[in-house]
Amino acid sequence: MVIIVAPKSKESKQKIFKDNFWKTKGFKVSIGDITGKTTKKESKISEEPSLPLGPTTKPNLTDLRSWDMKLLSRYEPFYAPFCDMCCLCTYGKCDLTAGKKGACGINIQAQQARTVLLACCIGSAAHSGHARHLLEYLTKKYGDDLPIDLGMNIDIEAPIMRVVLGKKPETLGDLKEALDYIEEQMVHLLSACHTGQEGSSIDFESKALHAGLMDNVGMEIGDIAQIVALNMPKGDEDAPLVELGMGTIDRNKPVILCIGHNVIPGSGIIDYVENEELEDEVEVCGICCAALDITRYNKSAKVIGPISKQLKFVRSGVADVIVVDEQCVRTDILEEANKNNAVVLATTDKICLGLPDLTKEDTDKIVAQLVKGDLNGALILDPDKVGEVATRVAMNIAEDRENLKILPDIDEITEMAKECTECGWCVRSCPNSQPMMDAVVAAGKGDYSKFIELYNFDVCYSCGRCEQNCERDLPLMSMLAKVGEHYVKDEKYNVRAGRGPIQDIEIRRVGAPIVLGDIPGVIAFVGCTNYPEGGEDVAKMAKEFLERNYIVVTSGCGSMTIGEYRDEDGKTLYEKYSGDFEAKGLVNVGSCVSNAHIPGACIKIANIFAKKTLEGNFEEIADYILNRVGACGVAWGAYSQKAVAIATGVNRWGIPVVLGPHGSKYRRLFLGRTDKEETWEINDLRIGEVVKGEPAPEHLLYAAENREEATVMIAKLCIRPNDTSKGRQLKLNHYIDLHRKYFGVIPDDVHKFVRVEKDIPIIYKRDIMEILKEKGWKPRRIPQEPSLTQLDGDLNE
Amino acid sequence: MSERIIPWQPTVIAGPKQALLVTPETAKMMIKKAKRPLMIVGPSAAEEPLIKYATEISEKWKLPIVTTGDAFKAFNERGIETKPYGIVEIINLLKDPDWNGVKDEGQHDLVIFIGCIYYIASQGLSTLKHFAPKLRTLTLCKYFHSNADASFPNMKDAEWLNYLEKMKMD
C-alpha cells in the first residue's frame with residue numbers, strides 16, 4: 001500500500017502527531033508515504049526489522065575498510081607531526097624524522113596515524129564510559145524495561161544504532177547490547193596501537209574511522225539514555241532559554257558549581273534542593289556540558305559558560321562547593337579550590353583526585369568533616385548522597401567564605417602588575433601568543449583596558465600556562481578574573497536548553513530542500529574552547545550563516561559560546577532565531593553526547609527522504625550523505641581527544657569538518673586535490689556509468705587559519721554533486737558572495753562547480769561566463785544518483 | 001643568545017632536528033641559490049608595514065607570492081598579484097614532488113614564510129620537514145621556527161624590521 005501524503009505545514013505538525021497515531025496504528029512511515037503496516041509491535045530490539053538488513057550489522061574492524069579506502073583515496077591523509085619521535089616503548093625514544101624508522105620498524109606516517117587512533121580511542125572511551133555510567137545508574141533506578149520513547153514526532157529514535165547494530169533499541173536495557181558491542185570493538189582498536197601490531201598508516205586511519213564511529217554510537221547511547229530516563233527535552237524546538245553567564249549568579253547565596261559532563265551528580269543536587277524546597281536559597285550552576293545537561297534536567301539551573309570559564313570562575317571564589325564528575329575538568333581543580341577554601345566533591349571513578357572514598361560514610365559525618373575543614377574534599381560515588389552533601393556543605397560554609405567572594409581593591413592588582421619584568425615569557429607560553437605582558441604593563445599604570453580585551457569573549461581562555469612561566473610568580477589568571485569581574489559585571493546571556501534529536505517531521509519538511517540544495521546547507525558548530533581569537537568568531541560565523549538561510553546546529557561549549565554574543569540589536573542569537581531544524585534555525589542539540597543527533601539527522605534524511613534501509617547499511621547511508629547531504633561540521637576551538645573522535649566519526653559518515661588553526665595539532669587532516677581530476681570520478685547509479693565528478697565536498701577534514709578563510713570554506717564544503725541547478729545556484733551564490741566579502745574577488749575555482757550554465761547564479765552570470773571561457777570550461781552531465789560505490793579499487797568487492 | 005633559538009612557543013620543540021639560525025645575509029644566499037623559490041605570506045603580514053616589506057622583498061628577489069588565510073584581499077587591494085591558498089592546501093601541494101608549482105613551471109625548491117599564524121605555520125613546516133626532503137624552508141618571521149630548515153631568531157620589532165630592511169638589498 002502506498003499513499004502519497006502531502007507535506008504538512010509547520011503550523012499543523014503538532015496537532016497531527018499529538019496522539020501518536022503512527023505508532024498506535026502500527027504504520028511504517030517513509031517520505032510522507034505509508035509504505036506498509038506491521039501486524040504487531042516490533043519485537044524487543046527488533047530482531048526482525050521491517051526492511052531487509054544491510055550487509056554490515058555490528059561491523060568489526062575490517063568490515064567497513066572498503067568504504068574507508070574509498071574515502072582515503074580521495075581525501076588522502078595529510079600529516080603534520082606534532083612530535084618527531086615515538087616515546088611509547090623502551091626500544092625508544094625513536095627519532096622518526098624525515099624517513100627514519102623506529103626500532104619496531106614504524107615510520108612517521110604510521111606513527112601519526114597511530115597517535116590519531118589512540119586519541120580517537122581515548123575520546124570514544126570517554127563517551128562510552130560516560131554512557132556506561134549513565135546506563136548502569138539509570139537502569140538500576142528506572143529498570144531495564146523503561147521504553148525508549150522520544151515522543152510523538154520521533155519514530156526513528158536511534159538512527160546510528162539502527163545503522164551500525166542493525167537493530168532498534170526498544171528499552172533502556174537494550175542499550176547495553178550496543179555498549180557491549182562498542183566496548184568489544186574498542187579493545188581491538190586499542191590493541192592495534194601496541195608495538196608491533198598495525199604497520200600501515202592507511203589501515204591505522206581506517207581503524208581511527210572505526211573508533212570515531214564507535215564514538216558516535218557511544219554518544220547516542222548516552223544521550224538517549226538520559227533523555228528518556230531523566231525526561232529531558234525530546235526534540236523540542238521550543239526548549240526553554242536558560243540563563244548563561246557569570247553575571248547570572250547571585251553571589252549572596254550558597255553556590256554549588258558542577259564541572260564536567262555527567263548529569264547524574266548534578267541531578268542528585270537538583271533533586272535534593274527541590275525536595276528540601278531550597279530552590280530560592282541555593283544557586284546550582286555548571287561549567288562545560290554538565291551545565292547544559294543539568295539545564296535540560298531542570299531549567300532553573302544556570303550555565304556559567306564553556307570550559308574557558310573554569311579557572312576564572314574557580315579563582316573568583318564564588319563557588320562554595322565544586323562538584324566534578326568526568327571529562328574536561330582541570331586536573332588541578334583541588335589545588336585551585338583549596339586556594340579559596342572551596343570544597344571539592346569528586347563523584348565518578350574517572351576522577352578521584354586522591355580524595356578519601358566516603359561513599360558509604362554517614363552523611364552527617366561527611367558534612368561535619370567538610371564544614372569543619374578536616375577534609376578539603378571527598379570522593380562520593382552515590383549521586384543522591386552527593387546532592388545532600390553538596391547542598392548542606394554549601395549552605396554551611398557560604399557565610400564563612402563571604403570575604404573570599406569580595407574583590408580585592410583594584411589598586412592591589414596595580415601594585416602586583418608593577419612587578420612585571422617584561423620578560424615576555426607569558427606571551428611565548430600562551431597557546432595563542434595573546435598579549436598578556438602588554439595587559440600587565442598597562443595595568444601597572446592603572447590602565448585595565450588590555451586586560452578587559454583579553455577577558456571578553458574568552459580571548460584568553462585561562463589555561464594558566466602564562467602563570468607557570470612568570471618569573472615573578474604573578475597570579476595572572478587571578479588578576480584577569482578580578483579585573484574581569486570588576487569591570488564586566490553584565491555577563492548575562494542565555495542559551496536554548498539542549499533539545500536532543502531532530503524530529504522526523506522536521507526531516508520530512510527539510511529533507512528535500514537540503515538534498516536538492518534549496519536549503520544551502522546544515523552547519524554544525526561543535527567542540528571545545530581553544531579559539532585562536534576568542535569565542536566571538538564562532539558566534540559571528542553562526543550569525544553569518546543564519547542570515548543566509550542555512551540551518552545552524554550547535555552543541556557543547558560551542559552552543560554556550562554562541563550564547564555569549566549579542567548582535568547589533570542587543571539580542572543573543574538564541575533570542576533572534578528559532579530552535580527549529582529548518583532554514584534560519586539555530587538548533588542546540590545539547591551536550592557533547594548530543595552530538596550524535598547531528599549525524600543522526602543526516603542519516604534520517606537518507607531514510608525518510610530517500611527510503612534507504614538503515615539497519616546494517618552503513619556504506620550506502622554514508623555514501624548518500626557524502627554525495628547528497630550538504631552538511632559541514634565546524635570545530636573551531638577543538639581541544640580534546642573527544643573532539644578528534646567526534647570529527648573522525650562524522651567524517652566516516654561522509655560529513656566534512658572545518659577546524660580552527662589549532663586543529664592542525666591533531667596531526668592529521670583529510671585533504672582533497674582538485675588538480676587530480678581522476679579522484680573525483682563518481683558512479684552515476686541511475687545510468688550505471690562512471691562519470692566525471694567535481695570536488696564536492698573538496699576536503700573531509702580541513703584546518704583554516706582564520707575565521708574569514710573558514711567561513712568561505714564552510715560554504716564551499718556544503719556543495720554536493722546531487723544539487724539541482726537551482727540548489728547549486730544558491731550554494732554558489734553564497735560561496736561567491738562570501739569569497740568576495742573576505743577575499744575581494746570571485747573565487748578562482750568557481751568553474752569547477754559549474755556543471756551546466758543553469759548552475760550559474762544569475763547575479764554573477766556575466767562574470768562567471770568570462771571565467772568559464774578563460775578556463776576552457778565545457779558543460780557536463782549532472783549525475784542523478786552520484787555514488788562512490790561500485791567503483792574500481794574496492795578492496796572487498 | 002640561547003633564548004633567540006628556543007622556538008618562540010617553546011613547546012613546539014619536536015625532536016633532534018632543529019632549524020639553522022640565519023641572518024639576512026645567509027637568507028639571501030639561500031634565495032640566490034634557489035631555482036624556483038616561493039614566498040608564502042600569512043594574514044599577520046597583511047597590514048603595514050609588513051605588507052610593504054613582503055611586497056618589496058618578493059619584488060627584489062622575483063618571488064611569486066602565495067597568500068594564506070584571507071591575506072589575498074589586502075594584497076589585491078594594493079594591486080599586488082598573489083595566489084590564495086589555505087595554508088594546509090599549499091603545504092599539501094608542496095610536499096608532492098609531482099606538483100608543478102604555482103607558475104606551472106615545476107615544483108619549488110625553496111619556500112619562504114612570513115606572517116602565518118605561528119603554531120599552524122609550525123605544523124606546516126613540520127609536514128615539509130618530514131615529507132618534502134628536497135624542499136628547503138626559510139622563515140622571515142620575528143619568531144624562531146625550529147621546524148624550518150632556516151629561521152630568523154626571536155627578535156624585538158626594531159631588530160626584526162632591520163632584518164627585513166636588509167632582505168630588500170643585494
# chains A, B, ... in the order shown; residues from 1 in each chain; ligands from 1

call {"tool": "residues_around", "arguments": {"residues": "Glu56 (chain B)", "least_positions_apart": "3", "cutoff": "10 Å", "atoms": "only C-alpha atoms", "output": "ChimeraX atom specification"}}
result
/B:50-53,59-63,164-165,167-169

call {"tool": "write_last_selection", "arguments": {"atoms": "N, CA, C and O atoms", "output": "PDB file, in the first residue's frame"}}
result
ATOM      1  N   LEU B  50      54.275  45.397   7.361  1.00  0.00           N
ATOM      2  CA  LEU B  50      54.754  44.101   6.866  1.00  0.00           C
ATOM      3  C   LEU B  50      54.359  43.839   5.424  1.00  0.00           C
ATOM      4  O   LEU B  50      55.111  43.231   4.656  1.00  0.00           O
ATOM      5  N   ILE B  51      53.181  44.307   5.038  1.00  0.00           N
ATOM      6  CA  ILE B  51      52.747  44.045   3.664  1.00  0.00           C
ATOM      7  C   ILE B  51      53.714  44.716   2.676  1.00  0.00           C
ATOM      8  O   ILE B  51      54.014  44.176   1.605  1.00  0.00           O
ATOM      9  N   LYS B  52      54.221  45.858   3.092  1.00  0.00           N
ATOM     10  CA  LYS B  52      55.167  46.580   2.229  1.00  0.00           C
ATOM     11  C   LYS B  52      56.492  45.815   2.165  1.00  0.00           C
ATOM     12  O   LYS B  52      57.067  45.631   1.084  1.00  0.00           O
ATOM     13  N   TYR B  53      56.934  45.361   3.318  1.00  0.00           N
ATOM     14  CA  TYR B  53      58.184  44.582   3.322  1.00  0.00           C
ATOM     15  C   TYR B  53      58.046  43.319   2.483  1.00  0.00           C
ATOM     16  O   TYR B  53      58.921  42.976   1.688  1.00  0.00           O
ATOM     17  N   GLU B  59      59.495  41.434  -4.728  1.00  0.00           N
ATOM     18  CA  GLU B  59      59.877  42.104  -5.975  1.00  0.00           C
ATOM     19  C   GLU B  59      61.386  42.054  -6.181  1.00  0.00           C
ATOM     20  O   GLU B  59      61.881  41.796  -7.277  1.00  0.00           O
ATOM     21  N   LYS B  60      62.097  42.279  -5.086  1.00  0.00           N
ATOM     22  CA  LYS B  60      63.557  42.285  -5.173  1.00  0.00           C
ATOM     23  C   LYS B  60      64.094  40.945  -5.682  1.00  0.00           C
ATOM     24  O   LYS B  60      64.978  40.879  -6.518  1.00  0.00           O
ATOM     25  N   TRP B  61      63.496  39.851  -5.171  1.00  0.00           N
ATOM     26  CA  TRP B  61      64.036  38.524  -5.490  1.00  0.00           C
ATOM     27  C   TRP B  61      63.149  37.760  -6.483  1.00  0.00           C
ATOM     28  O   TRP B  61      63.330  36.568  -6.672  1.00  0.00           O
ATOM     29  N   LYS B  62      62.198  38.493  -7.065  1.00  0.00           N
ATOM     30  CA  LYS B  62      61.294  37.892  -8.066  1.00  0.00           C
ATOM     31  C   LYS B  62      60.637  36.609  -7.543  1.00  0.00           C
ATOM     32  O   LYS B  62      60.678  35.548  -8.182  1.00  0.00           O
ATOM     33  N   LEU B  63      60.047  36.768  -6.380  1.00  0.00           N
ATOM     34  CA  LEU B  63      59.405  35.620  -5.742  1.00  0.00           C
ATOM     35  C   LEU B  63      57.906  35.646  -6.022  1.00  0.00           C
ATOM     36  O   LEU B  63      57.247  36.648  -5.692  1.00  0.00           O
ATOM     37  N   LEU B 164      64.458  42.794   7.969  1.00  0.00           N
ATOM     38  CA  LEU B 164      63.634  42.813   6.753  1.00  0.00           C
ATOM     39  C   LEU B 164      64.138  43.877   5.783  1.00  0.00           C
ATOM     40  O   LEU B 164      64.122  43.686   4.555  1.00  0.00           O
ATOM     41  N   GLU B 165      64.593  44.973   6.341  1.00  0.00           N
ATOM     42  CA  GLU B 165      65.170  46.038   5.505  1.00  0.00           C
ATOM     43  C   GLU B 165      66.362  45.487   4.711  1.00  0.00           C
ATOM     44  O   GLU B 165      66.496  45.731   3.508  1.00  0.00           O
ATOM     45  N   MET B 167      66.817  42.475   3.860  1.00  0.00           N
ATOM     46  CA  MET B 167      66.376  41.487   2.872  1.00  0.00           C
ATOM     47  C   MET B 167      66.011  42.134   1.539  1.00  0.00           C
ATOM     48  O   MET B 167      65.941  41.470   0.513  1.00  0.00           O
ATOM     49  N   LYS B 168      65.783  43.431   1.573  1.00  0.00           N
ATOM     50  CA  LYS B 168      65.424  44.146   0.339  1.00  0.00           C
ATOM     51  C   LYS B 168      66.663  44.526  -0.474  1.00  0.00           C
ATOM     52  O   LYS B 168      66.558  45.025  -1.586  1.00  0.00           O
ATOM     53  N   MET B 169      67.820  44.352   0.139  1.00  0.00           N
ATOM     54  CA  MET B 169      69.054  44.795  -0.540  1.00  0.00           C
ATOM     55  C   MET B 169      69.838  43.596  -1.081  1.00  0.00           C
ATOM     56  O   MET B 169      69.631  42.473  -0.628  1.00  0.00           O
TER      57      MET B 169
END

call {"tool": "closest_atom_pairs", "arguments": {"of": "chain A", "to": "chain B", "cutoff": "9 Å", "atoms": "only C-alpha atoms", "output": "Markdown table"}}
result
| residue | atom | partner | partner_atom | distance |
| --- | --- | --- | --- | --- |
| A:Phe78 | CA | B:Asn92 | CA | 6.9 |
| A:Tyr79 | CA | B:Thr127 | CA | 6.2 |
| A:Ala80 | CA | B:Thr127 | CA | 4.6 |
| A:Pro81 | CA | B:Ser126 | CA | 6.0 |
| A:Phe82 | CA | B:Ala14 | CA | 6.4 |
| A:Cys83 | CA | B:Ala14 | CA | 4.3 |
| A:Asp84 | CA | B:Gly15 | CA | 5.1 |
| A:Met85 | CA | B:Gly15 | CA | 6.3 |
| A:Asp95 | CA | B:Gly15 | CA | 7.2 |
| A:Leu96 | CA | B:His130 | CA | 8.7 |
| A:Thr97 | CA | B:His130 | CA | 6.0 |
| A:Ala98 | CA | B:His130 | CA | 4.1 |
| A:Gly99 | CA | B:His130 | CA | 6.9 |
| A:Ile108 | CA | B:His130 | CA | 7.9 |
| A:Val427 | CA | B:Gln9 | CA | 8.6 |
| A:Arg428 | CA | B:Gln9 | CA | 5.1 |
| A:Ser429 | CA | B:Gln9 | CA | 5.8 |
| A:Cys430 | CA | B:Gln9 | CA | 7.7 |
| A:Pro431 | CA | B:Gln9 | CA | 7.6 |
| A:Asn432 | CA | B:Tyr119 | CA | 8.1 |
| A:Ser433 | CA | B:Gln9 | CA | 8.1 |
| A:Pro661 | CA | B:Ile120 | CA | 5.8 |
| A:His662 | CA | B:Ile120 | CA | 6.8 |
| A:Gly663 | CA | B:Ile120 | CA | 8.5 |
| A:Ser664 | CA | B:Ile120 | CA | 6.3 |
| A:Lys665 | CA | B:Gln123 | CA | 6.9 |
| A:Arg667 | CA | B:Gln123 | CA | 8.0 |
| A:Leu669 | CA | B:Val88 | CA | 8.8 |
| A:Leu671 | CA | B:Glu89 | CA | 7.6 |
| A:Gly672 | CA | B:Glu89 | CA | 8.8 |
| A:Arg673 | CA | B:Leu93 | CA | 8.4 |
| A:Tyr702 | CA | B:Val88 | CA | 7.6 |
| A:Ala703 | CA | B:Val88 | CA | 6.8 |
| A:Ala704 | CA | B:Gly86 | CA | 6.6 |
| A:Glu705 | CA | B:Gly69 | CA | 5.2 |
| A:Asn706 | CA | B:Gly69 | CA | 5.8 |
| A:Arg707 | CA | B:Gly69 | CA | 8.3 |
| A:Glu708 | CA | B:Asp70 | CA | 6.1 |
| A:Glu709 | CA | B:Gly69 | CA | 5.2 |
| A:Ala710 | CA | B:Gly69 | CA | 8.4 |
| A:Arg740 | CA | B:Lys73 | CA | 9.0 |
| A:Tyr742 | CA | B:Asp70 | CA | 6.5 |
| A:Phe743 | CA | B:Lys73 | CA | 4.5 |
| A:Gly744 | CA | B:Lys73 | CA | 5.5 |
| A:Val745 | CA | B:Lys73 | CA | 8.0 |
| A:Asp748 | CA | B:Pro84 | CA | 8.9 |

call {"tool": "select_by_dssp", "arguments": {"residues": "chain B", "states": "strand (DSSP E)", "output": "number ranges by chain"}}
result
B: 20-21, 37-41, 65-67, 83-84, 110-114, 136-139, 150-151

call {"tool": "write_last_selection", "arguments": {"atoms": "C-alpha atoms", "output": "CSV table (one decimal), in the first residue's frame"}}
result
chain,number,residue,atom,x,y,z
B,20,LEU,CA,69.6,26.7,11.5
B,21,LEU,CA,69.5,30.3,12.8
B,37,PRO,CA,61.6,29.9,-4.8
B,38,LEU,CA,58.2,30.7,-3.5
B,39,MET,CA,57.1,33.2,-0.8
B,40,ILE,CA,54.1,32.3,1.4
B,41,VAL,CA,52.6,35.3,3.2
B,65,ILE,CA,53.6,35.0,-3.7
B,66,VAL,CA,51.0,32.7,-2.2
B,67,THR,CA,48.8,34.3,0.4
B,83,LYS,CA,47.6,33.4,-5.4
B,84,PRO,CA,45.4,32.4,-2.5
B,110,LEU,CA,62.7,26.9,-1.6
B,111,VAL,CA,59.7,28.2,0.4
B,112,ILE,CA,60.0,31.5,2.3
B,113,PHE,CA,57.4,32.0,5.0
B,114,ILE,CA,56.3,35.3,6.6
B,136,ARG,CA,64.2,24.0,1.7
B,137,THR,CA,62.2,26.1,4.1
B,138,LEU,CA,63.1,29.6,5.4
B,139,THR,CA,61.1,31.8,7.8
B,150,ALA,CA,66.5,28.0,8.4
B,151,SER,CA,64.9,30.7,10.5

call {"tool": "atom_distance", "arguments": {"atom1": "CA of Gly387 (chain A)", "atom2": "CA of Val344 (chain A)"}}
result
12.9 Å

call {"tool": "residues_around", "arguments": {"residues": "Val321 (chain A)", "least_positions_apart": "2", "cutoff": "7 Å", "atoms": "only C-alpha atoms", "output": "JSON, numbers by chain"}}
result
{"A": [255, 256, 257, 319, 323, 342, 343, 344, 390, 394]}

call {"tool": "select_by_dssp", "arguments": {"residues": "chain B", "states": "alpha helix (DSSP H)", "output": "PyMOL selection string"}}
result
chain B and resi 24-33+50-60+71-77+87-94+118-131+157-167

call {"tool": "residues_around", "arguments": {"residues": "region 409-412 of chain A", "least_positions_apart": "5", "cutoff": "9 Å", "atoms": "only C-alpha atoms", "output": "PyMOL selection string"}}
result
chain A and resi 417+446+482-483+486

call {"tool": "write_last_selection", "arguments": {"atoms": "N, CA, C and O atoms", "output": "short mmCIF file (atom, residue, chain, number, x, y, z; two decimals), in the first residue's frame"}}
result
data_model
loop_
_atom_site.label_atom_id
_atom_site.label_comp_id
_atom_site.auth_asym_id
_atom_site.auth_seq_id
_atom_site.Cartn_x
_atom_site.Cartn_y
_atom_site.Cartn_z
N ALA A 417 51.05 44.27 39.32
CA ALA A 417 51.45 44.41 37.92
C ALA A 417 52.76 45.18 37.79
O ALA A 417 53.53 44.95 36.85
N GLY A 446 47.69 51.56 35.82
CA GLY A 446 46.29 51.86 36.13
C GLY A 446 45.35 51.71 34.94
O GLY A 446 44.17 52.06 35.03
N LYS A 482 39.85 39.00 38.42
CA LYS A 482 39.43 40.14 39.25
C LYS A 482 39.11 41.36 38.39
O LYS A 482 38.11 42.02 38.60
N VAL A 483 39.97 41.63 37.42
CA VAL A 483 39.69 42.78 36.55
C VAL A 483 38.38 42.53 35.79
O VAL A 483 37.52 43.41 35.69
N HIS A 486 35.43 42.97 38.02
CA HIS A 486 35.28 44.36 38.44
C HIS A 486 34.63 45.21 37.34
O HIS A 486 33.79 46.05 37.60
#

call {"tool": "atom_distance", "arguments": {"atom1": "CA of Val22 (chain B)", "atom2": "CA of Glu47 (chain B)"}}
result
24.8 Å

call {"tool": "atom_distance", "arguments": {"atom1": "CA of Asp109 (chain B)", "atom2": "CA of Leu135 (chain B)"}}
result
4.7 Å

call {"tool": "residues_around", "arguments": {"residues": "Cys288 (chain A)", "least_positions_apart": "4", "cutoff": "9 Å", "atoms": "only C-alpha atoms", "output": "list of chain:residue names"}}
result
A:Cys258, A:Ile259, A:Gly260, A:His261, A:Leu292, A:Val303, A:Ile304, A:Gly305, A:Pro306, A:Ile307, A:Ser308, A:Lys309, A:Gln310, A:Cys328, A:Val329, A:Cys528, A:Gly556, A:Cys557, A:Met560, A:Ser591
